[in-house]
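Asks: Just so it is clear, I am handing over run-v8.cif, which has mmCIF, C-alpha atoms.
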```cif
data_entry
loop_
_atom_site.label_atom_id
_atom_site.label_comp_id
_atom_site.auth_asym_id
_atom_site.auth_seq_id
_atom_site.Cartn_x
_atom_site.Cartn_y
_atom_site.Cartn_z
CA MET A 1 13.02 13.75 25.14
CA ILE A 2 9.27 13.37 24.48
CA MET A 3 7.94 12.90 20.97
CA ASP A 4 4.29 12.62 19.98
CA TYR A 5 3.19 10.34 17.10
CA SER A 6 -0.52 10.60 16.36
CA ILE A 7 -2.11 7.45 14.99
CA VAL A 8 -4.67 8.11 12.25
CA PRO A 9 -6.20 4.74 11.28
CA GLU A 10 -7.83 4.27 7.90
CA LEU A 11 -11.26 2.87 8.80
CA GLU A 12 -14.49 2.08 7.05
CA PRO A 13 -17.12 4.82 7.63
CA GLU A 14 -19.17 2.69 10.05
CA SER A 15 -16.00 1.84 12.04
CA ASP A 16 -15.27 5.51 12.67
CA LEU A 17 -18.22 5.62 15.06
CA LEU A 18 -16.33 3.37 17.49
CA LEU A 19 -13.45 5.81 17.86
CA ASP A 20 -15.16 9.19 17.55
CA ASN A 21 -14.25 10.15 21.11
CA ILE A 22 -10.84 8.42 21.32
CA ASN A 23 -7.71 10.13 20.04
CA SER A 24 -4.93 7.55 20.47
CA LYS A 25 -1.30 8.69 20.38
CA LEU A 26 2.09 7.10 20.73
CA ILE A 27 4.31 9.18 23.02
CA THR A 28 8.02 8.53 23.35
CA GLU A 29 8.72 9.25 27.01
CA LEU A 30 12.39 8.21 26.87
CA SER A 31 14.55 7.35 23.88
CA GLU A 32 18.14 6.06 23.92
CA PRO A 33 20.10 3.90 21.47
CA ASN A 34 19.39 0.77 23.53
CA TYR A 35 16.33 1.70 25.60
CA GLY A 36 12.97 3.25 24.91
CA LYS A 37 9.83 3.88 26.92
CA PHE A 38 6.59 4.51 25.06
CA ILE A 39 3.03 5.31 26.08
CA PHE A 40 0.22 4.42 23.70
CA GLY A 41 -3.33 5.50 24.40
CA PRO A 42 -5.89 6.09 25.38
CA VAL A 43 -7.57 2.93 24.07
CA SER A 44 -10.79 1.20 24.98
CA ASN A 45 -10.83 -0.96 28.09
CA GLY A 46 -9.24 -4.35 27.38
CA ASN A 47 -7.42 -3.34 24.19
CA ALA A 48 -4.13 -2.28 25.79
CA ILE A 49 -3.21 -5.78 26.96
CA THR A 50 -4.11 -7.19 23.52
CA ILE A 51 -1.89 -4.68 21.74
CA GLY A 52 0.92 -5.00 24.28
CA ASN A 53 1.03 -8.80 24.17
CA SER A 54 0.95 -8.84 20.36
CA LEU A 55 3.74 -6.29 20.05
CA ARG A 56 5.85 -8.10 22.66
CA ARG A 57 5.63 -11.45 20.86
CA VAL A 58 6.44 -9.93 17.47
CA LEU A 59 9.32 -7.90 18.90
CA TYR A 60 10.91 -11.07 20.27
CA SER A 61 10.35 -13.21 17.17
CA SER A 62 10.15 -11.16 13.98
CA ILE A 63 12.51 -8.16 14.00
CA LEU A 64 15.14 -8.32 11.25
CA GLY A 65 18.74 -8.16 12.41
CA THR A 66 22.35 -8.86 11.41
CA ALA A 67 24.76 -11.42 12.79
CA ILE A 68 27.86 -13.53 12.10
CA THR A 69 26.91 -17.03 10.91
CA TRP A 70 30.37 -18.53 10.31
CA VAL A 71 34.05 -17.62 10.37
CA LYS A 72 37.29 -18.75 8.77
CA ILE A 73 40.48 -18.53 10.83
CA ASP A 74 43.75 -18.88 8.91
CA GLY A 75 45.47 -22.14 9.80
CA ILE A 76 42.44 -23.56 11.67
CA LEU A 77 40.53 -26.50 10.21
CA HIS A 78 38.14 -27.20 13.10
CA GLU A 79 37.21 -25.77 16.51
CA TYR A 80 39.40 -28.26 18.41
CA THR A 81 42.62 -27.12 16.73
CA THR A 82 45.34 -25.73 19.01
CA MET A 83 46.37 -22.14 18.28
CA LYS A 84 49.91 -20.94 18.90
CA ASN A 85 50.67 -17.62 20.61
CA ILE A 86 46.99 -16.97 21.37
CA LYS A 87 45.68 -17.29 24.92
CA GLU A 88 42.13 -18.25 24.00
CA SER A 89 41.11 -21.60 22.51
CA VAL A 90 39.19 -21.73 19.22
CA GLU A 91 35.95 -22.43 21.12
CA GLU A 92 36.49 -19.35 23.28
CA LEU A 93 37.15 -17.25 20.18
CA LEU A 94 33.88 -18.44 18.62
CA LEU A 95 31.96 -17.49 21.77
CA ASN A 96 33.53 -14.03 21.65
CA PHE A 97 32.71 -13.66 17.94
CA LYS A 98 29.10 -14.62 18.69
CA SER A 99 28.82 -11.54 20.94
CA ILE A 100 29.82 -9.06 18.20
CA ARG A 101 26.82 -6.84 17.46
CA ILE A 102 26.56 -5.48 13.94
CA LYS A 103 24.42 -2.72 12.46
CA SER A 104 23.69 -3.24 8.78
CA LYS A 105 23.72 -0.25 6.44
CA SER A 106 22.48 -2.25 3.43
CA ASP A 107 20.01 -5.04 2.69
CA ARG A 108 22.59 -7.61 1.62
CA SER A 109 24.92 -10.13 3.21
CA GLY A 110 28.66 -9.54 3.25
CA LYS A 111 32.06 -10.19 4.79
CA LEU A 112 34.28 -8.54 7.41
CA ARG A 113 37.97 -9.20 8.13
CA LEU A 114 40.22 -9.08 11.16
CA GLU A 115 43.99 -8.87 10.63
CA VAL A 116 46.22 -8.37 13.70
CA GLU A 117 49.85 -9.12 14.54
CA GLY A 118 52.12 -8.81 17.56
CA GLU A 119 51.58 -8.98 21.29
CA GLY A 120 48.51 -7.40 22.85
CA LYS A 121 44.74 -7.55 23.29
CA VAL A 122 42.38 -7.71 20.33
CA SER A 123 38.92 -6.10 20.44
CA ALA A 124 36.04 -5.73 18.00
CA ALA A 125 37.39 -2.26 17.13
CA ASP A 126 40.27 -4.00 15.32
CA ILE A 127 37.90 -5.45 12.72
CA MET A 128 38.41 -3.68 9.39
CA ALA A 129 35.86 -0.97 8.65
CA SER A 130 33.19 -1.55 6.01
CA SER A 131 30.68 0.69 4.25
CA ASP A 132 27.97 -1.98 4.69
CA PHE A 133 28.37 -2.80 8.38
CA GLU A 134 29.11 -1.05 11.67
CA ILE A 135 30.31 -2.69 14.89
CA VAL A 136 28.24 -1.21 17.74
CA ASN A 137 30.26 -2.76 20.58
CA PRO A 138 33.89 -2.03 19.54
CA ASP A 139 35.18 -2.49 23.11
CA LEU A 140 34.25 -6.19 23.09
CA HIS A 141 37.31 -8.35 23.90
CA LEU A 142 38.02 -10.98 21.24
CA ALA A 143 41.48 -12.42 21.86
CA THR A 144 44.84 -11.99 23.61
CA LEU A 145 48.03 -12.39 21.57
CA ASP A 146 50.92 -13.28 23.89
CA SER A 147 53.91 -13.17 21.53
CA LYS A 148 55.52 -10.76 19.08
CA ASN A 149 55.23 -13.51 16.49
CA ALA A 150 51.49 -13.97 17.06
CA LYS A 151 49.14 -13.44 14.15
CA LEU A 152 45.36 -13.69 13.88
CA SER A 153 43.54 -13.53 10.55
CA VAL A 154 39.77 -14.05 10.52
CA GLU A 155 37.05 -13.77 7.87
CA PHE A 156 33.51 -13.19 9.17
CA ASN A 157 30.42 -14.09 7.16
CA ILE A 158 27.62 -11.59 7.87
CA GLU A 159 23.96 -12.38 7.14
CA ARG A 160 20.58 -10.86 7.88
CA GLY A 161 17.74 -12.80 9.47
CA ILE A 162 15.28 -13.00 12.34
CA GLY A 163 15.36 -14.67 15.73
CA TYR A 164 18.12 -17.09 16.67
CA LYS A 165 19.85 -19.52 14.32
CA VAL A 166 21.73 -22.51 15.73
CA LYS A 167 25.01 -23.18 13.94
CA ASN A 168 24.67 -25.52 10.97
CA ILE A 169 26.55 -28.70 11.92
CA GLU A 170 26.09 -30.21 8.44
CA GLU A 171 27.76 -27.18 6.86
CA LYS A 172 30.60 -27.52 9.34
CA GLU A 173 31.20 -31.16 8.44
CA SER A 174 30.97 -30.65 4.68
CA THR A 175 33.27 -27.62 4.32
CA ILE A 176 36.74 -27.80 5.84
CA GLY A 177 37.79 -24.55 7.50
CA ILE A 178 34.23 -23.21 7.94
CA LEU A 179 33.50 -22.67 11.64
CA PRO A 180 29.75 -22.09 12.16
CA VAL A 181 28.62 -19.64 14.85
CA ASP A 182 25.26 -19.49 16.62
CA ALA A 183 23.67 -16.38 15.14
CA ILE A 184 21.70 -13.93 17.29
CA PHE A 185 19.86 -11.90 14.66
CA SER A 186 17.28 -10.28 16.95
CA PRO A 187 18.27 -6.81 18.19
CA ILE A 188 15.76 -7.15 21.04
CA ARG A 189 17.12 -7.89 24.49
CA LYS A 190 14.04 -7.37 26.65
CA VAL A 191 10.45 -6.18 26.32
CA ASN A 192 8.12 -5.20 29.14
CA TYR A 193 4.64 -3.70 29.13
CA GLN A 194 1.98 -2.68 31.58
CA VAL A 195 -1.57 -1.39 31.42
CA VAL A 196 -2.60 1.76 33.30
CA LYS A 197 -6.19 2.89 33.70
CA THR A 198 -6.99 6.49 32.78
CA THR A 199 -9.76 8.85 33.83
CA PRO A 200 -13.13 7.68 32.42
CA SER A 201 -14.49 9.82 29.60
CA GLU A 202 -17.56 10.04 27.41
CA ALA A 203 -16.20 7.06 25.47
CA GLY A 204 -16.27 4.93 28.65
CA GLU A 205 -13.39 3.39 30.57
CA LEU A 206 -10.04 3.96 28.88
CA GLU A 207 -6.47 2.79 29.49
CA ASN A 208 -2.90 3.41 28.38
CA LEU A 209 -0.26 0.91 27.30
CA ILE A 210 3.25 1.54 28.67
CA LEU A 211 5.86 -0.30 26.61
CA GLU A 212 9.56 -0.60 27.50
CA ILE A 213 12.12 -2.00 25.05
CA TRP A 214 15.79 -2.81 25.50
CA THR A 215 17.91 -3.43 22.36
CA ASP A 216 21.55 -4.17 21.54
CA SER A 217 21.88 -0.71 19.91
CA THR A 218 21.90 -2.09 16.35
CA LYS A 219 18.37 -0.70 16.03
CA THR A 220 16.61 1.98 18.03
CA PRO A 221 13.61 0.93 20.14
CA LEU A 222 11.32 3.22 18.13
CA ASN A 223 12.33 1.60 14.84
CA CYS A 224 11.72 -1.82 16.39
CA VAL A 225 8.21 -0.76 17.48
CA ARG A 226 7.44 0.49 13.98
CA GLU A 227 8.73 -2.72 12.41
CA ALA A 228 6.70 -4.87 14.80
CA ALA A 229 3.57 -2.84 14.10
CA GLY A 230 4.21 -3.27 10.36
CA VAL A 231 4.40 -7.06 10.76
CA LEU A 232 1.11 -7.11 12.66
CA LEU A 233 -0.53 -4.74 10.21
CA THR A 234 0.42 -6.97 7.27
CA GLN A 235 -0.96 -10.09 8.97
CA PHE A 236 -4.18 -8.44 10.08
CA MET A 237 -4.66 -6.89 6.65
CA THR A 238 -4.53 -10.37 5.14
CA ILE A 239 -7.17 -11.56 7.60
CA SER A 240 -9.37 -8.51 7.01
CA LYS A 241 -9.42 -9.26 3.28
CA ALA A 242 -10.20 -12.96 3.75
CA SER A 243 -13.08 -14.40 1.75
CA GLU A 244 -15.14 -17.55 2.09
CA GLU A 245 -13.52 -19.05 -0.99
CA ASN A 246 -11.22 -22.01 -0.51
CA GLN A 247 -7.74 -20.77 -1.32
CA ASP A 248 -6.70 -24.26 -2.43
CA ASP A 249 -9.23 -23.97 -5.26
CA ASN A 250 -7.82 -20.66 -6.52
CA ASP A 251 -4.12 -20.68 -5.74
CA THR A 252 -1.52 -23.45 -5.53
CA ASN A 253 0.70 -21.63 -3.04
CA SER A 254 -0.63 -23.76 -0.17
CA GLU A 255 0.64 -26.86 -1.98
CA LEU A 256 4.09 -25.25 -2.09
CA TRP A 257 4.47 -24.07 1.51
CA ARG A 258 3.28 -27.41 2.89
CA GLN A 259 6.28 -29.08 1.19
CA LEU A 260 8.92 -26.62 2.42
CA SER A 261 11.22 -27.63 5.25
CA PRO A 262 11.41 -25.30 8.29
CA GLU A 263 14.86 -24.11 7.15
CA GLN A 264 13.57 -23.33 3.63
CA TYR A 265 10.46 -21.69 5.04
CA ASN A 266 12.54 -19.30 7.21
CA THR A 267 15.10 -18.45 4.51
CA THR A 268 15.41 -14.65 4.27
CA ILE A 269 14.92 -12.95 0.92
CA GLU A 270 18.46 -11.51 1.15
CA GLN A 271 19.75 -15.07 0.76
CA LEU A 272 17.98 -15.43 -2.61
CA ASP A 273 20.40 -13.00 -4.30
CA LEU A 274 17.58 -11.15 -6.07
CA SER A 275 17.94 -7.96 -8.09
CA SER A 276 17.70 -4.71 -6.13
CA ARG A 277 14.33 -3.86 -7.64
CA THR A 278 12.69 -7.19 -6.77
CA LEU A 279 14.25 -7.22 -3.30
CA ASN A 280 13.09 -3.68 -2.51
CA CYS A 281 9.53 -4.43 -3.70
CA LEU A 282 9.30 -7.43 -1.39
CA LYS A 283 10.81 -5.47 1.53
CA ARG A 284 8.27 -2.66 1.08
CA ALA A 285 5.50 -5.25 1.27
CA SER A 286 7.04 -6.63 4.52
CA LEU A 287 7.74 -9.99 2.88
CA ASP A 288 11.04 -10.87 4.55
CA THR A 289 11.14 -14.67 4.29
CA VAL A 290 10.36 -17.37 1.73
CA GLY A 291 7.53 -18.57 3.97
CA GLN A 292 5.82 -15.18 3.91
CA ILE A 293 6.11 -15.06 0.12
CA VAL A 294 4.64 -18.49 -0.59
CA GLU A 295 1.75 -17.85 1.82
CA THR A 296 0.83 -14.82 -0.29
CA LYS A 297 -1.36 -15.41 -3.34
CA ARG A 298 0.38 -14.97 -6.65
CA SER A 299 -2.26 -12.46 -7.68
CA GLU A 300 -1.54 -10.45 -4.51
CA LEU A 301 2.22 -10.55 -5.17
CA LEU A 302 1.64 -9.09 -8.60
CA LYS A 303 -0.33 -6.20 -7.10
CA ILE A 304 2.77 -5.00 -5.24
CA ARG A 305 3.88 -1.67 -6.69
CA ASN A 306 6.64 -2.09 -9.31
CA PHE A 307 6.57 -5.88 -8.85
CA GLY A 308 5.63 -7.07 -12.31
CA VAL A 309 5.75 -10.31 -14.27
CA LYS A 310 9.52 -10.07 -14.77
CA SER A 311 10.12 -9.75 -11.03
CA PHE A 312 7.75 -12.64 -10.37
CA ASN A 313 9.53 -14.84 -12.91
CA GLU A 314 12.90 -13.91 -11.39
CA LEU A 315 11.61 -15.00 -7.97
CA ASN A 316 10.24 -18.20 -9.50
CA GLU A 317 13.63 -18.97 -11.09
CA LYS A 318 15.47 -18.40 -7.79
CA PHE A 319 13.05 -20.74 -6.02
CA ARG A 320 13.73 -23.40 -8.64
CA GLU A 321 17.52 -22.93 -8.45
CA MET A 322 17.50 -23.32 -4.66
CA GLY A 323 15.29 -26.41 -4.72
CA PHE A 324 12.23 -24.79 -3.16
CA LEU A 325 9.89 -25.98 -5.93
CA PRO A 326 8.91 -29.69 -5.90
CA GLU A 327 9.46 -31.76 -9.03
CA GLY A 328 6.83 -30.94 -11.64
CA PHE A 329 5.45 -28.00 -9.63
CA THR A 330 4.31 -24.96 -11.65
CA TRP A 331 4.52 -21.58 -9.91
CA SER A 332 4.34 -18.91 -12.58
CA ALA A 333 2.38 -15.81 -13.46
CA SER A 334 1.24 -17.00 -16.88
CA ASP A 335 -1.87 -18.83 -15.64
CA ILE A 336 -3.31 -16.02 -13.53
CA GLU A 337 -6.56 -14.53 -14.78
CA ASN A 338 -6.84 -10.88 -15.84
CA THR A 339 -3.18 -10.65 -16.79
CA GLU A 340 -3.91 -7.36 -18.48
CA ASP A 341 -4.24 -5.85 -14.98
CA ILE A 342 -0.86 -7.12 -13.79
CA ASN A 343 1.93 -4.60 -13.25
CA GLU A 344 4.46 -4.55 -16.05
CA ASP A 345 8.15 -4.14 -15.25
#
```
Can you turn what I pasted into structure tokens?
Replies:
Amino acid sequence: MIMDYSIVPELEPESDLLLDNINSKLITELSEPNYGKFIFGPVSNGNAITIGNSLRRVLYSSILGTAITWVKIDGILHEYTTMKNIKESVEELLLNFKSIRIKSKSDRSGKLRLEVEGEGKVSAADIMASSDFEIVNPDLHLATLDSKNAKLSVEFNIERGIGYKVKNIEEKESTIGILPVDAIFSPIRKVNYQVVKTTPSEAGELENLILEIWTDSTKTPLNCVREAAGVLLTQFMTISKASEENQDDNDTNSELWRQLSPEQYNTTIEQLDLSSRTLNCLKRASLDTVGQIVETKRSELLKIRNFGVKSFNELNEKFREMGFLPEGFTWSASDIENTEDINED
């Protein structure tokens, strides 16, 4: 199946002269749930490798996904506990749970349950259905019950995030019965790209970018490409609007993000338990983590459509509740100039 997506960049008038004779397109040469092959071009000589490398890095590091972060198994207090009538050890069960791939149908965290009894094999298909989540690899083997009296009851905690999160040992030690799991949030399994020269034209030497993406089927390759491009677009837009003013003189956000720990910095906005309106506004602006929010000027946050003073104050209150704001730190909308121009909720 071949699909053609024309790219129509919004450029300043003088910039249009650079691309008068280049009509770049994204063509989907092959599209499957877990594999996609795309051709982007033609582009000017040297640009394909720049675009390909940037997309590849963002695809590996910044695509939002869903994963299990911890489980509770009835009757099990820690991972070294012996389980009766179950062939696998607790450690083996946790490794199997880690491999469950989940497609999220909502923007919030949640829970899933597994309740099985009797002799037989247990797979991911035995996990109770949910309107918020879908198991994309139901054939995955989880456990083997070897007695009619065997019983396995598990609660899975599902969260959204990016990249890879190592299980929280401190959480494990502080909460009896919580068994942390290494979380693989990224839906990306492999990314490959190559640059192919095209026939020279009036615009000079041109080339195409061939991009191949393998996913775990929780997201389609095309959606991953779009999301990666959105991340890059947001970052480059910030750079394109940069001024010579010292941000430290005009906004105190830099003081805040310098004091955040790496774990706080990478906290996803779903973990803040915000209202749907505030959450959706931030998602539309591609602000997916606390770090991305605090690196954005307060005045720029308040320019987000439908994100007014009330939403800002809600975000400020959540930051304070979760200990993200240092003692005596003021992060509010009340001291921003031209408040009459700020969106009202």
Asks: Could you list, as a ChimeraX atom specification, every residue matched by the PyMOL selection byres ((chain A and resi 223-231) around 10) in this structure?
Replies: /A:36,38,51,54-64,187-188,211,213,215,219-222,232-237,285-288
Asks: Could you pull the residues within 12 Å of stretch 275-282 of chain A, counting only C-alpha atoms, minus those fewer than 3 positions along the same chain, as an mmCIF file with C-alpha atoms, keeping the file's coordinate frame?
Replies:
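See out07.cif below for the written result:
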```cif
data_model
loop_
_atom_site.group_PDB
_atom_site.id
_atom_site.type_symbol
_atom_site.label_atom_id
_atom_site.label_comp_id
_atom_site.auth_asym_id
_atom_site.auth_seq_id
_atom_site.Cartn_x
_atom_site.Cartn_y
_atom_site.Cartn_z
ATOM 1 C CA SER A 106 22.480 -2.250 3.430
ATOM 2 C CA ASP A 107 20.010 -5.040 2.690
ATOM 3 C CA ARG A 108 22.590 -7.610 1.620
ATOM 4 C CA THR A 268 15.410 -14.650 4.270
ATOM 5 C CA ILE A 269 14.920 -12.950 0.920
ATOM 6 C CA GLU A 270 18.460 -11.510 1.150
ATOM 7 C CA GLN A 271 19.750 -15.070 0.760
ATOM 8 C CA LEU A 272 17.980 -15.430 -2.610
ATOM 9 C CA ALA A 285 5.500 -5.250 1.270
ATOM 10 C CA SER A 286 7.040 -6.630 4.520
ATOM 11 C CA LEU A 287 7.740 -9.990 2.880
ATOM 12 C CA ASP A 288 11.040 -10.870 4.550
ATOM 13 C CA THR A 289 11.140 -14.670 4.290
ATOM 14 C CA VAL A 290 10.360 -17.370 1.730
ATOM 15 C CA GLN A 292 5.820 -15.180 3.910
ATOM 16 C CA ILE A 293 6.110 -15.060 0.120
ATOM 17 C CA THR A 296 0.830 -14.820 -0.290
ATOM 18 C CA GLU A 300 -1.540 -10.450 -4.510
ATOM 19 C CA LEU A 301 2.220 -10.550 -5.170
ATOM 20 C CA LEU A 302 1.640 -9.090 -8.600
ATOM 21 C CA LYS A 303 -0.330 -6.200 -7.100
ATOM 22 C CA ILE A 304 2.770 -5.000 -5.240
ATOM 23 C CA ARG A 305 3.880 -1.670 -6.690
ATOM 24 C CA ASN A 306 6.640 -2.090 -9.310
ATOM 25 C CA PHE A 307 6.570 -5.880 -8.850
ATOM 26 C CA GLY A 308 5.630 -7.070 -12.310
ATOM 27 C CA VAL A 309 5.750 -10.310 -14.270
ATOM 28 C CA LYS A 310 9.520 -10.070 -14.770
ATOM 29 C CA SER A 311 10.120 -9.750 -11.030
ATOM 30 C CA PHE A 312 7.750 -12.640 -10.370
ATOM 31 C CA ASN A 313 9.530 -14.840 -12.910
ATOM 32 C CA GLU A 314 12.900 -13.910 -11.390
ATOM 33 C CA LEU A 315 11.610 -15.000 -7.970
ATOM 34 C CA ASN A 316 10.240 -18.200 -9.500
ATOM 35 C CA LYS A 318 15.470 -18.400 -7.790
ATOM 36 C CA ASP A 345 8.150 -4.140 -15.250
#
```
Asks: Please expand the PyMOL selection byres ((chain A and resi 151-162) around 8) into the concrete residues it hits in this file, giving the result as a ChimeraX atom specification.
Replies: /A:61-74,85,107-118,145,149-150,163-164,185-186,267-268,270
Asks: To one decimal place, how far is atom CA of A:Arg298 from atom CA of A:Leu260 in Å?
Replies: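 Those two atoms sit 17.1 Å apart.
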Asks: Quick one, how far is atom CA of A:Ser44 from atom CA of A:Ile210?
Replies: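 Taking atom CA of A:Ser44 as the start and atom CA of A:Ile210 as the end point, the length is 14.5 Å.
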Asks: Compute the distance from (26.7, -2.0, 0.5) to each atom, counting only C-alpha atoms, keep the residues with any atom at most 7 Å away, and return them as an MDAnalysis selection string; use the coordinates of the file.
Replies: chainID A and resid 105:106 131:132
Asks: Between atom CA of A:Lys25 and atom CA of A:Pro42, what is the distance, to one decimal in Å?
Replies: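 Straight-line distance from atom CA of A:Lys25 to atom CA of A:Pro42 works out to 7.3 Å.
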Asks: If you apply the PyMOL selection byres ((chain A and resi 98) around 10) to this file, what residues do you get, as a list in words?
Replies: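 So the PyMOL selection byres ((chain A and resi 98) around 10), applied here, picks out Ala67, Ile68, Thr69, Trp70, Glu92, Leu93, Leu94, Leu95, Asn96, Phe97, Ser99, Ile100, Arg101, Leu142, Pro180, Val181, Asp182, Ala183 and Ile184 of chain A.
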Asks: Mind checking which residues fall within 9 Å of A:Ala125, counting only C-alpha atoms, ignoring those fewer than 2 positions away in the same chain, and posting them as a list in words?
Replies: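 With the cut-off at 9 Å, the set is Val122, Ser123, Ile127, Met128, Ala129, Ile135, Asn137, Pro138, Asp139 and Leu140 of chain A.
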Asks: Using all atoms listed in the file, determine which residues lie at most 10 Å from A:Val196, disregarding the query and same-chain residues fewer than 6 positions distant; provide the list as a PyMOL selection string.
Replies: chain A and resi 39+41-42+48-49+206-210
Asks: Would you mind telling me which residue in A:Ser89, A:Lys297, A:Phe319, A:Glu212 lies nearest to A:Ser31 when using all atoms listed in the file?
Replies: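 Using all atoms listed in the file, A:Ser31 sits closest to A:Glu212.
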